[in-house]
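> My questions will all concern the structure given below.
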Amino acid sequence: MTAEVTAATTVSAAPLLEVADIDVVLGHGWRGNHVLSGVNMKVWPGEIVGLVGETGSGKTTLARAVVGLARPRGGRVLFDGTEISRLRGAARRRERRSGHIQLVFQDPLRSLDPDLTVGDIVGEGLKIRGGLPAAEIRARVDDALAKVGLSGTLSHRQPGQISGGQRQRVSIARALAADPKLLLCDEPVSALDASNRNYILRLLAGLRDSLGLPIVIISHDLSSLAGIADRVVVLYRGRIVEDGPVAQVFTRPRHPYTALLMASAPRVERRIGTGEGAALSVHQLRRTTADPESPSAAGACVFAARCPFAADACAVQPALEPVAGQAGERWSAACHRHQEWPDLASARPAAAPR
Amino acid sequence: MAGQPPPETGAVRPETVLAIEDLRVTVHDGGATAVRDVSLTVRSGEIVGLVGESGSGKTLTCRAALGVLPRGVAAQGKITFAGEDVTSLSARGWERLHGSHIGAVFQDPASYLNPNLTVGGQVAEVLRVKRGLSRARAHEKAVELLTTVGLRQAGRVFHQIPAELSGGMLQRVMIAIAISCDPELLIADEATTALDVTIQAEIIELVKDLCDQRGLAVLFVSHDLAVIRELCDRVVVFYAGQVVEAGPAAEIIERPRHPYTQALLRVASVGDFRRRELEVIPGQPPHVGDRTTGCRFAARCPSVIEACRAGDIGLTRLGPAHEARCARVDDPAIAEASAAVAAVAPVAANGTRADQELANR
């Protein structure tokens with residue numbers, strides 16, 4: 001394989017997962033906290049989607065809404081043509097037990113039962129689903145462990161007795177044992193060092209390539225998407241601000257927040273950015289007078305309070321619209337000034353005022 | 001001594017703030033050696049980065065330098081702080097240094113703050129206890145410190161409790177506490193690891209500014225070579241409890257001479273997110289207490305030869321401040337590998353073999 005692999009974006013017809021206009025509000029009444037507002041996201045078969053955003057942006061809540069652990073106040077979740085967010089009772093139980101959508105939880109040390117063995121953890125879902133003889137479950141467990149590169153001899157150990165990288169692989173094996181059609185991974189590599197991170201990312205890329213399994217990787221850290229994501233969805237305070245193919249979004253970001261994320265990422269190589277957006281420094285993208293913690297005014301663009309390019313138009317939340325001329329690329333951004341800001345940013349000083 | 005307030009400013013600071021010589025840290029009541037032969041210095045106005053995988057001994061080295069080793073863990077060797085030998089300092093002696101002369105920041109700020117007290121009150125408490133300031137003066141100074149670390153509306157933040165602040169804000173509060181008594185040394189252990197990238201970038205700038213403006217010496221621990229690259233003047237690379245390479249950051253990044261440093265660079269975030277093959281370092285580091293002869297990286301090294309396993313390998317001086325612990329350090333093949341890393345490009349790894357080896361562990 002060459003160093004650069006072009007994204008194999010097959011323009012296949014229907015998305016496997018479609019999140020349409022989801023609103024999630026935690027709490028009740030006027031104190032309710034809008035965690036997600038009007039979020040639209042699609043996942044097509046065989047792609048890895050990176051869902052990035054900072055702490056509290058709603059990444060995990062979006063994943064929980066997809067698997068039914070968070071109840072949306074509005075909007076729909078469609079999986080393989082079925083509106084799973086509307087299922088209730090037996091139909092809902094049947095869908096869940098099918099194991100079609102698997103969520104790999106954040107922090108395997110806390111999400112794996114410390115008293116169970118690796119084998120029990122991986123096989124637990126199959127046991128609950130029922131209808132499988134013990135020997136078949138064992139075979140499937142070994143198969144799932146093999147897929148993540150763990151030998152069956154590990155199945156008698158407990159989570160506390162294996163390394164962090166191995167625990168993350170056990171979490172993924174637990175999900176794979178259910179034979180999923182879609183995998184959601186919440187911060188799969190944030191606790192790992194670079195080598196183990198790359199191992200897990202390669203593993204996920206391998207699952208996409210060999211099984212055609214679509215995977216959503218949730219991350220606050222862009223390096224978790226390095227080299228493997230096909231598409232990236234950027235969340236900011238409960239709204240999607242940019243969504244598009246990784247190569248385009250990361251070389252020519254159309255939303256100032258995406259550009260800020262890119263510029264903030266530490267890197268070993270200093271001058272690697274090629275596109276205009278990627279070459280900007282954090283100082284060109286930060287609003288010096290703004291408090292990054294303070295929210296934007298009600299109804300305004302979510303990023304306006306932090307955006308150095310905010311203008312009058314930004315008092316109204318912009319819609320997520322296709323980037324001009326890139327319709328076929330499925331690239332969209334939610335910024336009124338997506339055409340002006342890159343020039344404005346380039347005109348600002350690249351270093352901090354002293 | 002305890003009641004005596006440290007000088008406000010202007011005191012002549014010694015060039016070398018922290019010197020660690022031949023540090024050896026044993027764990028399990030001396031049953032195993034986790035850190036061996038570690039020597040390093042941090043000068044005022046300098047940021048020294050410790051980098052390595054988890055379990056490589058970075059944190060134990062920091063804790064030894066802070067005098068806060070857990071029970072059953074013992075340090076031998078010599079630790080000098082500002083010219084004073086602190087190797088066998090009493091608990092009271094450390095008490096005098098902590099806060100006043102050495103500040104520390106860790107990965108999880110929330111667990112170091114009292115959840116029931118206002119953050120400002122906790123900053124002010126340090127000022128009252130360590131510097132003997134009056135209540136009113138401590139309050140005033142605390143607000144000033146919160147502003148220094150980049151918290152906007154510091155007057156309001158003062159009265160908030162930890163649960164009302166984000167992780168990045170709490171880390172700033174921890175830094176405010178760490179620098180409240182104008183220490184000579186700041187030890188930061190994975191201080192930005194849990195933060196969002198945008199916040200991490202801001203904290204990195206803050207540490208740089210504090211270092212420039214106050215002549216602070218900083219020992220910064222991270223497993224992320226990219227963070228070390230952005231922040232540090234010098235880098236010390238740890239592997240399995242030993243220093244395998246040390247030198248100026250730019251030199252280490254551009255011309256790494258130890259195969260482990262070269263491997264770390266190949267797996268680090270290069271800042272390019274396009275699809276490509278990712279490399280891994282095959283195998284696992286030896287466990288603490290594993291007895292190995294010769295180079296501890298030998299089992300994972302692509303350039304291993306017989307001489308690597310023959311006996312202990314010392315550090316070879318490669319330049320005024322650059323040294324590496326490798327039997328083949330002068331071998332042109334290793335230098336070439338260094339050039340290949342510098343030329344970038346994570347090339348396609350022989351995936352199956354590496355994966356297989358990892359799987360068999």
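How things are named: the first chain in the structure tokens is A, the next is B, and so on; residues count from 1 in each chain; ligands count from 1 in the order shown.
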For chain A against chain B, which residues fall within 6 Å using only C-alpha atoms, given as a ChimeraX atom specification?

/A:3-5,54,149-150,194-195,198-199,223,226-228,247,264-269

> May I have the residues within 12 Å of Val218 of chain B as a ChimeraX atom specification, using only C-alpha atoms and disregarding those fewer than 4 positions away in the same chain?

/B:16-18,41-50,62,102-105,178-179,183-189,191,204,207-212,214,228,231-235

> Using the selection just defined, write its residues with C-alpha atoms as an mmCIF file, in the first residue's frame.


data_model
loop_
_atom_site.group_PDB
_atom_site.id
_atom_site.type_symbol
_atom_site.label_atom_id
_atom_site.label_comp_id
_atom_site.auth_asym_id
_atom_site.auth_seq_id
_atom_site.Cartn_x
_atom_site.Cartn_y
_atom_site.Cartn_z
ATOM 1 C CA THR B 16 20.418 24.294 37.737
ATOM 2 C CA VAL B 17 17.149 24.009 39.613
ATOM 3 C CA LEU B 18 16.710 20.264 39.694
ATOM 4 C CA THR B 41 18.853 18.289 35.096
ATOM 5 C CA VAL B 42 16.363 21.104 34.685
ATOM 6 C CA ARG B 43 17.638 24.670 34.579
ATOM 7 C CA SER B 44 15.649 27.802 35.274
ATOM 8 C CA GLY B 45 13.702 29.063 32.283
ATOM 9 C CA GLU B 46 13.935 25.653 30.668
ATOM 10 C CA ILE B 47 11.230 23.119 29.853
ATOM 11 C CA VAL B 48 12.411 19.519 29.924
ATOM 12 C CA GLY B 49 10.079 16.859 28.583
ATOM 13 C CA LEU B 50 9.959 13.249 29.740
ATOM 14 C CA CYS B 62 8.646 12.801 38.908
ATOM 15 C CA ILE B 102 8.109 23.289 43.815
ATOM 16 C CA GLY B 103 4.666 23.320 42.210
ATOM 17 C CA ALA B 104 2.976 20.290 40.703
ATOM 18 C CA VAL B 105 0.134 19.718 38.261
ATOM 19 C CA ALA B 178 1.157 25.537 41.607
ATOM 20 C CA ILE B 179 2.660 28.939 40.791
ATOM 21 C CA PRO B 183 8.186 28.444 42.783
ATOM 22 C CA GLU B 184 11.450 27.727 41.019
ATOM 23 C CA LEU B 185 10.229 24.419 39.605
ATOM 24 C CA LEU B 186 6.967 23.216 38.126
ATOM 25 C CA ILE B 187 6.413 19.496 37.645
ATOM 26 C CA ALA B 188 3.577 18.688 35.263
ATOM 27 C CA ASP B 189 2.642 15.017 34.880
ATOM 28 C CA ALA B 191 -1.149 17.802 32.673
ATOM 29 C CA ILE B 204 0.924 24.756 26.438
ATOM 30 C CA VAL B 207 3.342 27.098 30.478
ATOM 31 C CA LYS B 208 5.689 28.589 27.871
ATOM 32 C CA ASP B 209 4.794 32.123 28.963
ATOM 33 C CA LEU B 210 5.281 31.323 32.667
ATOM 34 C CA CYS B 211 8.623 29.839 31.813
ATOM 35 C CA ASP B 212 9.700 32.902 29.800
ATOM 36 C CA ARG B 214 9.201 34.000 35.546
ATOM 37 C CA ILE B 228 6.660 17.464 23.880
ATOM 38 C CA LEU B 231 6.548 22.712 24.296
ATOM 39 C CA CYS B 232 9.982 21.519 25.348
ATOM 40 C CA ASP B 233 13.548 22.743 24.977
ATOM 41 C CA ARG B 234 15.036 19.391 25.876
ATOM 42 C CA VAL B 235 13.663 15.866 25.755
#

> Can you pull out every residue from segment 27-194 of chain B that DSSP, working from the backbone, puts in alpha helix (DSSP H), and format the result as an MDAnalysis selection string?

chainID B and resid 58:66 91:97 119:131 135:148 154:157 167:179

> Please indicate the distance in Å from atom CA of Gln248 of chain A to atom CA of Phe79 of chain A, rounded to one decimal place.

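Going from atom CA of Gln248 of chain A over to atom CA of Phe79 of chain A covers 27.2 Å.
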
> Which residues are near Ala350 of chain A? Cut-off 7 Å, only C-alpha atoms, ignore same chain within fewer than 6 positions. Put them as a JSON list (two decimals) with C-alpha atoms, in the first residue's frame.


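Contents of around_4.json, freshly written:
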[["chain", "number", "residue", "atom", "x", "y", "z"],
["A", 281, "SER", "CA", -2.13, 29.32, 13.26],
["A", 283, "HIS", "CA", -3.79, 32.97, 16.82],
["A", 284, "GLN", "CA", -5.43, 33.67, 13.49]]

> With distances taken over only C-alpha atoms, which of B:Val119, B:Val173, B:Ile79, B:Ala64 is nearest to His159 of chain B?

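Among the listed residues, B:Val119 lies closest to His159 of chain B.
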
> What does the distance between atom CA of Gly244 of chain A and atom CA of Gly212 of chain A come to in Å, to one decimal place?

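Computed distance, atom CA of Gly244 of chain A to atom CA of Gly212 of chain A, equals 19.9 Å.
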
> In Å, how far is it from atom CA of Asn116 of chain B to atom CA of Ile177 of chain B?

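Computing it gives 16.9 Å between the two atoms.
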
> Using only C-alpha atoms, which residue out of A:Arg92, A:Arg97, A:Arg286, A:His156 lies closest to Leu261 of chain A?

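Smallest distance to Leu261 of chain A is found for A:Arg286.
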
> Using only C-alpha atoms, which residues of segment 190-237 of chain A come within 8 Å of segment 158-175 of chain A, and what is the closest atom pair for each, with the distance in Å to one decimal? Give it as CSV, sorted by chain and residue number.


residue,atom,partner,partner_atom,distance
A:Ala191,CA,A:Gly164,CA,7.9
A:Leu192,CA,A:Gly165,CA,6.6
A:Asn196,CA,A:Gly165,CA,5.9
A:Arg197,CA,A:Gly165,CA,7.9
A:Ile200,CA,A:Arg169,CA,7.3

> Write out as a ChimeraX atom specification each polymer residue whose atoms come within 10 Å of segment 286-290 of chain B, counting only C-alpha atoms; drop sequence neighbours fewer than 4 positions from it.

/B:26-28,31-35,55-57,239-241,296-297,299-300

> For a quick check of understanding, using only C-alpha atoms, which of A:Val19, A:Ala146, A:Leu260, A:Leu184 has the smallest distance to Pro72 of chain A?

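Going through A:Val19, A:Ala146, A:Leu260, A:Leu184 one by one, the smallest distance to Pro72 of chain A is for A:Val19.
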
> Which residue, B:Ala91, B:Val68, B:Cys301, B:Val237, has the smallest gap to Phe220 of chain B when you use only C-alpha atoms?

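Of the candidates, the smallest distance to Phe220 of chain B is held by B:Val237.
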
> Going by DSSP on the backbone, which residues of segment 99-204 of chain B come out as strand (DSSP E or B)? List them as a VMD selection string.

chain B and resid 102 to 105 185 to 189

> Could you write out that same residue set with N, CA and C atoms as an mmCIF file, in the first residue's frame?


data_model
loop_
_atom_site.group_PDB
_atom_site.id
_atom_site.type_symbol
_atom_site.label_atom_id
_atom_site.label_comp_id
_atom_site.auth_asym_id
_atom_site.auth_seq_id
_atom_site.Cartn_x
_atom_site.Cartn_y
_atom_site.Cartn_z
ATOM 1 N N ILE B 102 8.411 24.238 44.885
ATOM 2 C CA ILE B 102 8.109 23.289 43.815
ATOM 3 C C ILE B 102 6.590 23.210 43.666
ATOM 4 N N GLY B 103 6.091 23.456 42.475
ATOM 5 C CA GLY B 103 4.666 23.320 42.210
ATOM 6 C C GLY B 103 4.440 22.075 41.374
ATOM 7 N N ALA B 104 3.249 21.491 41.489
ATOM 8 C CA ALA B 104 2.976 20.290 40.703
ATOM 9 C C ALA B 104 1.565 20.328 40.137
ATOM 10 N N VAL B 105 1.433 19.802 38.920
ATOM 11 C CA VAL B 105 0.134 19.718 38.261
ATOM 12 C C VAL B 105 0.011 18.308 37.687
ATOM 13 N N LEU B 185 10.429 25.603 40.451
ATOM 14 C CA LEU B 185 10.229 24.419 39.605
ATOM 15 C C LEU B 185 8.755 24.050 39.523
ATOM 16 N N LEU B 186 8.324 23.728 38.312
ATOM 17 C CA LEU B 186 6.967 23.216 38.126
ATOM 18 C C LEU B 186 7.081 21.818 37.540
ATOM 19 N N ILE B 187 6.427 20.859 38.177
ATOM 20 C CA ILE B 187 6.413 19.496 37.645
ATOM 21 C C ILE B 187 5.006 19.220 37.140
ATOM 22 N N ALA B 188 4.891 18.919 35.864
ATOM 23 C CA ALA B 188 3.577 18.688 35.263
ATOM 24 C C ALA B 188 3.548 17.269 34.714
ATOM 25 N N ASP B 189 2.706 16.417 35.298
ATOM 26 C CA ASP B 189 2.642 15.017 34.880
ATOM 27 C C ASP B 189 1.370 14.794 34.066
#
